[in-house]
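**Student:** Next up is a structure, given as structure tokens.
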Amino acid sequence: MVVRPPLPGILARRSFTYREGLDAGVTLSRLTALDLSIPSREVRVPRGQPQSLLERVHPYTVLCRESCASHVTAAQLHGIPLPWFDHEIKTIHLTRPAGSPQPRRRNVIGHSIELASCESMLIDGIPVTTPERTFLDLSALLGLDDLVAVADFLICEHDRPFEPSKRPIISVEDLRTYVLNKHNIRGLEKAKAALELMRVGVDSPPETKLRLQLQRAGLPEFTTNYAIQGDPEVWPDLACKEYKTCSEYEGEVHKTTQKQLFDRTRDERTAVRGWLQVKVYSADMRRGEPHVDEMFKQALRQQGWLG
């Protein structure tokens with residue numbers, strides 16, 4: 001049985017560079033032991049130790065000087081919703097200043113971009129592009145609906161009596177000013193289009209996509225962050241005031257007993273005030289836009305729409 005000396009301190013729990021190991025007094029033979037994986041040259045990861053994304057990114061930003069986590073990796077670190085599952089994203093995006101060689105190593109997608117000093121920040125000591133710069137970088141990678149969902153996430157704010165207040169990551173004005181002051185950047189026109197479609201008060205990407213779908217279908221406007229008056233107010237995901245028709249996207253959170261009780265009370269109050277509610281489930285979205293559009297058309301017609 002091979003008995004290996006324990007790694008010192010934090011190195012036993014997270015990714016580290018070869019040089020960090022030597023500086024901590026780890027021997028050369030210990031750095032090549034089988035209980036350490038080598039995902040990329042000069043990177044060591046203790047096997048069997050769960051790694052946060054920040055811990056995985058750390059050695060790469062140390063080894064790739066003047067680099068910062070960007071694009072998809074920055075989105076994950078900022079909690080920005082992506083159309084992929086985060087745990088399925090194995091590669092790390094790193095950006096170096098324009099004119100510098102792109103980072104080239106296994107498990108890394110490298111970029112060379114001119115970044116102003118205000119376009120990067122530190123998260124627990126790790127350099128990362130700011131939320132607004134990350135939004136701009138994602139505009140070259142995402143479709144328009146997904147990019148609008150990112151914008152909705154960044155600007156989301158509301159002050160509702162039944163939950164804690166939510167403040168935006170970046171204000172509508174600041175995001176708009178930042179993007180409109182940019183020039184000659186890949187994906188910029190898509191980012192500008194997303195600015196026109198983003199709305200305050202959206203809580204999830206499915207809500208964004210449902211709103212955009214209804215808009216494309218030419219239906220009466222459904223707005224976000226609208227309070228149906230009464231005591232207390234009711235706050236649907238989407239509301240068409242003209243025809244007193246509203247909608248709720250029933251995601252996974254609505255399956256809990258507590259949320260179902262809340263929803264039942266909400267539904268009763270909505271009906272009493274003369275509003276017709278359309279509940280949309282993921283199964284409805286999977287059936288396609290024509291199916292969902294027809295659900296809303298039927299509800300609107302019941303409320304007097306002649307379309």
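Residues in the structure tokens are named by chain (A, B, ... in the order shown) and by number from 1 within that chain; ligands are numbered from 1 in the order shown.
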Do you know which residues are at most 9 Å from region 33-45 of chain A counting only C-alpha atoms, after dropping those on the same chain fewer than 5 positions away, and could you put them as a list in words?
**Tutor:** Arg4, Leu11, Ala12, Arg13, Arg14, Ser15, Phe16, Thr17, Tyr18, Arg19, Gly21, Gln51, Arg56, Pro59, Tyr60, Leu63, Arg105, Arg106, Asn107 and Val108 of chain A
**Student:** With C-alpha atoms retained, export the selected residues as an mmCIF file, in the first residue's frame.
**Tutor:**
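Result file result_2.cif:
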```cif
data_model
loop_
_atom_site.group_PDB
_atom_site.id
_atom_site.type_symbol
_atom_site.label_atom_id
_atom_site.label_comp_id
_atom_site.auth_asym_id
_atom_site.auth_seq_id
_atom_site.Cartn_x
_atom_site.Cartn_y
_atom_site.Cartn_z
ATOM 1 C CA ARG A 4 1.605 9.476 0.473
ATOM 2 C CA LEU A 11 -3.811 22.445 -1.740
ATOM 3 C CA ALA A 12 -5.449 19.278 -0.433
ATOM 4 C CA ARG A 13 -8.870 20.658 -1.374
ATOM 5 C CA ARG A 14 -8.582 22.664 -4.590
ATOM 6 C CA SER A 15 -6.826 22.986 -7.926
ATOM 7 C CA PHE A 16 -3.349 24.484 -7.806
ATOM 8 C CA THR A 17 -0.398 25.165 -10.070
ATOM 9 C CA TYR A 18 2.802 23.136 -10.156
ATOM 10 C CA ARG A 19 4.697 26.200 -8.880
ATOM 11 C CA GLY A 21 2.915 23.125 -4.982
ATOM 12 C CA GLN A 51 -14.193 21.726 -7.150
ATOM 13 C CA ARG A 56 -11.071 25.240 -11.244
ATOM 14 C CA PRO A 59 -4.701 27.984 -11.664
ATOM 15 C CA TYR A 60 -5.441 28.959 -15.264
ATOM 16 C CA LEU A 63 -0.570 30.525 -15.399
ATOM 17 C CA ARG A 105 -3.788 24.898 -23.334
ATOM 18 C CA ARG A 106 -6.003 21.873 -22.845
ATOM 19 C CA ASN A 107 -9.544 22.599 -21.594
ATOM 20 C CA VAL A 108 -9.172 26.331 -22.382
#
```
**Student:** Write out as JSON, numbers by chain all residues of region 125-183 of chain A that DSSP puts in strand (DSSP E or B) for this structure's backbone.
**Tutor:** {"A": [126, 127, 128, 129, 158, 166]}
**Student:** What are the nearest atom pairs, with distances in Å to one decimal, for all residues of region 188-302 of chain A that come at most 9 Å from region 141-165 of chain A, using only C-alpha atoms, set out by chain and rising residue number as CSV?
**Tutor:**
```
residue,atom,partner,partner_atom,distance
A:Lys190,CA,A:Leu144,CA,6.6
A:Ala191,CA,A:Leu147,CA,7.4
A:Ala193,CA,A:Leu144,CA,7.8
A:Ala194,CA,A:Val148,CA,5.0
A:Leu195,CA,A:Ala151,CA,7.3
A:Glu196,CA,A:Val148,CA,9.0
A:Leu197,CA,A:Val148,CA,6.6
A:Met198,CA,A:Asp152,CA,5.4
A:Arg199,CA,A:Asp152,CA,5.9
A:Val200,CA,A:Cys156,CA,5.1
A:Gly201,CA,A:Cys156,CA,4.9
A:Val202,CA,A:Asp152,CA,6.0
A:Asp203,CA,A:Phe153,CA,7.0
A:Ser204,CA,A:Phe153,CA,7.3
A:Pro205,CA,A:Ala149,CA,5.0
A:Pro206,CA,A:Ala149,CA,8.2
A:Glu207,CA,A:Ala149,CA,8.5
A:Thr208,CA,A:Ala149,CA,5.6
A:Lys209,CA,A:Asp145,CA,6.2
A:Leu212,CA,A:Asp145,CA,7.3
A:Asn225,CA,A:His158,CA,7.3
A:Pro232,CA,A:Pro161,CA,8.7
A:Glu233,CA,A:Pro161,CA,8.6
A:Trp235,CA,A:Arg160,CA,8.0
```
**Student:** Skip Leu306 (chain A) itself and residues of its chain fewer than 5 positions away, then list as a PyMOL selection string all residues within 12 Å of it, counting only C-alpha atoms.
**Tutor:** chain A and resi 219-220+243+297-301
**Student:** For Gln303 (chain A), which of A:Val62, A:Cys246, A:Ala140, A:Val3 is the closest residue, counting only C-alpha atoms?
**Tutor:**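 Of all the options, A:Cys246 lies closest to Gln303 (chain A).
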**Student:** Neighbouring residues of region 118-126 of chain A were defined as those with any atom within 10 Å, considering only C-alpha atoms; residues of the same chain fewer than 3 positions away were excluded. Please report them as a PDB file with C-alpha atoms, in the first residue's frame.
**Tutor:**
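For reference, out26.pdb as written:
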```pdb
ATOM      1  CA  LEU A  54     -13.712  29.452  -9.093  1.00  0.00           C
ATOM      2  CA  GLU A  55     -11.368  26.770  -7.779  1.00  0.00           C
ATOM      3  CA  VAL A  57     -10.421  28.608 -12.873  1.00  0.00           C
ATOM      4  CA  HIS A  58      -7.819  29.752 -10.322  1.00  0.00           C
ATOM      5  CA  PRO A  59      -4.701  27.984 -11.664  1.00  0.00           C
ATOM      6  CA  TYR A  60      -5.441  28.959 -15.264  1.00  0.00           C
ATOM      7  CA  THR A  61      -5.596  32.670 -14.484  1.00  0.00           C
ATOM      8  CA  VAL A  62      -2.341  32.315 -12.539  1.00  0.00           C
ATOM      9  CA  SER A  67      -5.822  36.873 -18.426  1.00  0.00           C
ATOM     10  CA  CYS A  68      -9.315  36.916 -16.978  1.00  0.00           C
ATOM     11  CA  ALA A  69     -12.229  34.501 -17.069  1.00  0.00           C
ATOM     12  CA  SER A  70     -14.649  35.579 -19.784  1.00  0.00           C
ATOM     13  CA  LEU A  77     -19.389  32.884 -12.269  1.00  0.00           C
ATOM     14  CA  HIS A  78     -21.910  35.754 -12.375  1.00  0.00           C
ATOM     15  CA  GLU A 114      -8.950  44.854 -25.846  1.00  0.00           C
ATOM     16  CA  LEU A 115     -10.513  45.336 -22.412  1.00  0.00           C
ATOM     17  CA  THR A 129     -15.071  40.214 -17.020  1.00  0.00           C
ATOM     18  CA  THR A 130     -17.832  42.438 -15.615  1.00  0.00           C
ATOM     19  CA  PRO A 131     -21.480  41.476 -16.127  1.00  0.00           C
ATOM     20  CA  GLU A 132     -21.963  44.068 -18.878  1.00  0.00           C
ATOM     21  CA  ARG A 133     -18.803  42.997 -20.743  1.00  0.00           C
ATOM     22  CA  THR A 134     -19.869  39.382 -20.353  1.00  0.00           C
TER      23      THR A 134
END
```
